[in-house]
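Encoded as structure tokens, the structure appears first; notes follow it.
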Amino acid sequence: MTKKALEIVIASPRGFCAGVDRAIEIVEVALQKYGAPVYVRHEIVHNRYVVDNLKEKGAIFVEELDEVPDNVPVVFSAHGVPKSVPAKAEMRGLNYLDATCPLVSKVHRQAERQVEAGRHIIFVGHEGHPEVIGTFGQVPEGDMTLVETVEDVANLKVKDEDCLAYLTQTTLSVDDTAEIITALQKRFPKIVGPKAEDICYATSNRQAAVKAIASDAQAMFVIGAPNSSNSLRLVEVAEREGTPSMLIQRAHDIDFRWLDQVSTLGLTAGASAPEELVREVIDALAERFEVTERKVRTVDEKIVFKLPRGLETNAA
């Protein structure tokens with residue numbers, strides 16, 4: 001039986017960003033330096049495949065520091081943590097390694113500076129996301145207010161409209177965030193924002209790459225976890241371009257019935273999804289279809305983040 005032809009249009013850049021690469025490397029180098037086990041507070045990045053691989057190497061994932069025994073290393077996830085977490089680790093004398101993405105750490109520093117300047121911060125983000133929890137934990141309670149939508153902006157109540165600043169989560173929709181910031185600036189003309197947008201380069205680049213291929217594709221697969229903010233945004237971007245899109249974690253999530261009328265499929269991966277999963281999905285499609293691949297590159301990414309002091313020599 002002749003296989004049906006399927007062209008796969010592959011977005012580039014896709015998959016791992018510099019912050020994710022760094023966070024995973026921190027755990028791997030810590031395992032080499034200290035030996036197993038190395039404890040990790042929360043998922044190091046939002047990807048089950050990555051977490052399971054690190055577990056096999058000797059990482060133990062926990063939700064809170066209370067679950068970490070004395071005298072073992074503990075790594076904080078790439079999403080960042082409230083200040084209370086390293087403070088508690090220091091009180092216990094734990095050897096901790098902070099894998100917070102440097103671009104998230106930059107937002108943390110911005111938050112501290114705005115509060116020191118006496119401004120109340122309006123933070124654009126998704127309630128309950130680890131990055132949001134970590135950023136709120138950088139400043140005293142009550143000094144930051146979360147907004148998720150333009151409607152939230154309209155309903156905001158603030159003490160001093162002339163003394164406000166805004167910051168954003170790094171993994172948001174570029175288009176949605178621009179709308180919310182416009183609404184904030186319209187309602188509060190004196191509000192202060194960062195010199196450069198907080199949405200990280202990788203999030204912006206992956207969304208732009210999806211836009212570039214969406215018009216060529218009848219459907220789109222986004223490889224990523226359901227709790228991965230940047231992956232969910234890629235699905236939304238494709239949908240807004242008029243391309244039906246589905247989030248999948250692994251090849252076994254593919255619903256082949258969904259491809260019955262599809263001859264051109266777009267494919268990308270969120271910033272915490274490794275390239276192995278992209279190849280796994282393509283291989284699974286090749287078992288059913290006569291696959292041809294076409295890559296569309298919109299930008300080259302060359303950013304690399306250094307490891308924390310103390311681990312660099314081991315990584316060399």
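Each chain in the structure tokens gets a letter, A, B and so on, in the order shown; residues start at 1 in every chain, and ligands are counted from 1 in the order they appear.
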
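When DSSP is run on the backbone, the residues of region 181-228 of chain A that fall into helix (DSSP H, G or I) are Ile181, Thr182, Ala183, Leu184, Gln185, Lys186, Arg187, Tyr201, Ala202, Thr203, Ser204, Asn205, Arg206, Gln207, Ala208, Ala209, Val210, Lys211, Ala212, Ile213 and Ala214 of chain A.
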
Legend entry - Polymer residues at most 10 Å from His42 (chain A), only C-alpha atoms, same-chain spacing of 5 or more positions, as number ranges by chain: A: 51, 60-65, 75-79, 81, 130

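Coordinates place CA of Asp143 (chain A) at a distance of 16.9 Å from CA of Phe188 (chain A).
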
Would you give me, as JSON lines, each residue of region 2-63 of chain A having an atom within 12 Å of an atom of region 282-286 of chain A, along with its shortest atom pair and that distance in Å to one decimal, using only C-alpha atoms and sorting by chain and residue number?
```
{"residue": "A:Lys3", "atom": "CA", "partner": "A:Ala286", "partner_atom": "CA", "distance": 9.2}
{"residue": "A:Lys4", "atom": "CA", "partner": "A:Ala286", "partner_atom": "CA", "distance": 10.1}
{"residue": "A:Ala5", "atom": "CA", "partner": "A:Ala286", "partner_atom": "CA", "distance": 9.6}
{"residue": "A:Leu6", "atom": "CA", "partner": "A:Leu285", "partner_atom": "CA", "distance": 8.5}
{"residue": "A:Glu7", "atom": "CA", "partner": "A:Leu285", "partner_atom": "CA", "distance": 10.2}
{"residue": "A:Ile8", "atom": "CA", "partner": "A:Ile282", "partner_atom": "CA", "distance": 8.1}
{"residue": "A:Val9", "atom": "CA", "partner": "A:Ile282", "partner_atom": "CA", "distance": 10.8}
{"residue": "A:Ile10", "atom": "CA", "partner": "A:Ile282", "partner_atom": "CA", "distance": 9.9}
```

Inset, instruction - Quick one: everything within 6 Å of Gly270 (chain A), counting only C-alpha atoms, minus sequence neighbours fewer than 6 positions away in the same chain. Send it as a ChimeraX atom specification. - result: /A:15,224,231

Go ahead and save the picked residues with N, CA and C atoms, as a PDB file, in the first residue's frame.
```pdb
ATOM      1  N   GLY A  15      12.654  24.416  20.249  1.00  0.00           N
ATOM      2  CA  GLY A  15      13.275  23.623  21.301  1.00  0.00           C
ATOM      3  C   GLY A  15      14.110  24.418  22.285  1.00  0.00           C
ATOM      4  N   GLY A 224       5.628  19.910  23.500  1.00  0.00           N
ATOM      5  CA  GLY A 224       5.850  20.593  24.772  1.00  0.00           C
ATOM      6  C   GLY A 224       4.924  20.043  25.839  1.00  0.00           C
ATOM      7  N   SER A 231       5.211  26.855  25.492  1.00  0.00           N
ATOM      8  CA  SER A 231       4.674  25.890  24.523  1.00  0.00           C
ATOM      9  C   SER A 231       3.194  26.166  24.240  1.00  0.00           C
TER      10      SER A 231
END
```

Legend entry - Contacts of Ala59 (chain A) within 7 Å, only C-alpha atoms, excl. fewer than 5 positions in-chain, as a ChimeraX atom specification: /A:36-40,54

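Nearest to Ser173 (chain A) of all the residues A:Ala154, A:Arg233, A:Gln114, A:Ala23 is A:Arg233, based on only C-alpha atoms.
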
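Using only C-alpha atoms, the nearest neighbour of Ile248 (chain A) within the list A:Glu280, A:Glu301, A:Asp52, A:Glu127 is A:Glu280.
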